[in-house]
Amino acid sequence: MRRIIDWIKHAKPADWLKLLDKAIPHAAIVLAGMLVVFFLIDRVNKPMAFMTNEFHKRITFVLAILAIYLAVRRVSAMRRAERDAYRRKLKQYRSRTGK
């Protein structure tokens with residue numbers, strides 16, 4: 001907990017932007033997943049009436065699926081970039097130390 005508080009105290013605007021860049025795709029996955037669940041519940045249980053307009057339901061469902069797809073692609077690209085950067089640093093370290 002102390003590390004988080006220290007990070008918040010000393011974070012620069014660029015650090016906050018990096019945090020948002022990582023958090024937004026995850027939030028998109030959660031919210032789009034909620035829309036998919038609402039769509040499916042509405043198909044099974046009509047009296048709950050989460051979504052009333054049929055056209056709106058279909059467009060929202062497609063949007064949610066696309067948001068999930070794009071967010072997952074973004075998260076995997078970020079993880080791949082971090083992994084590649086770590087491997088480059090490790091390779092440079094090994095070449096300098098001769099190990």
# chains A, B, ... in the order shown; residues from 1 in each chain; ligands from 1

$ residues_around --residues "segment 77-89 of chain A" --least-positions-apart "6" --cutoff "10 Å" --atoms "only C-alpha atoms" --output "number ranges by chain"
A: 21-22, 71, 95

$ write_last_selection --atoms "N, CA and C atoms" --output "compact mmCIF listing (two decimals), in the first residue's frame"
# COMPACT_ATOMS: atom_id res chain seq x y z
N ASP A 21 -3.76 4.54 -20.24
CA ASP A 21 -3.59 3.75 -21.45
C ASP A 21 -3.73 2.26 -21.15
N LYS A 22 -3.31 1.85 -19.96
CA LYS A 22 -3.44 0.45 -19.58
C LYS A 22 -4.82 0.14 -19.01
N ALA A 71 -10.18 -4.25 -27.40
CA ALA A 71 -9.54 -4.10 -26.10
C ALA A 71 -8.60 -5.27 -25.81
N SER A 95 25.05 -9.54 -22.90
CA SER A 95 26.16 -9.27 -23.80
C SER A 95 27.25 -8.42 -23.11

$ closest_residue --among "A:Arg74, A:Thr97, A:Lys57, A:Leu90" --to "Ile24 of chain A" --atoms "only C-alpha atoms"
A:Arg74

$ residues_around --residues "Met34 of chain A" --least-positions-apart "3" --cutoff "12 Å" --atoms "only C-alpha atoms" --output "PyMOL selection string"
chain A and resi 27-31+37-41+50+60-61+63-65+67-68

$ closest_residue --among "A:Lys46, A:Leu19, A:Val36, A:Pro25" --to "Ser76 of chain A" --atoms "only C-alpha atoms"
A:Pro25

$ atom_distance --atom1 "atom CA of Leu20 of chain A" --atom2 "atom CA of Ile59 of chain A"
26.9 Å

$ closest_residue --among "A:Asp42, A:Lys9, A:Leu35, A:Gln92" --to "Glu54 of chain A" --atoms "only C-alpha atoms"
A:Asp42
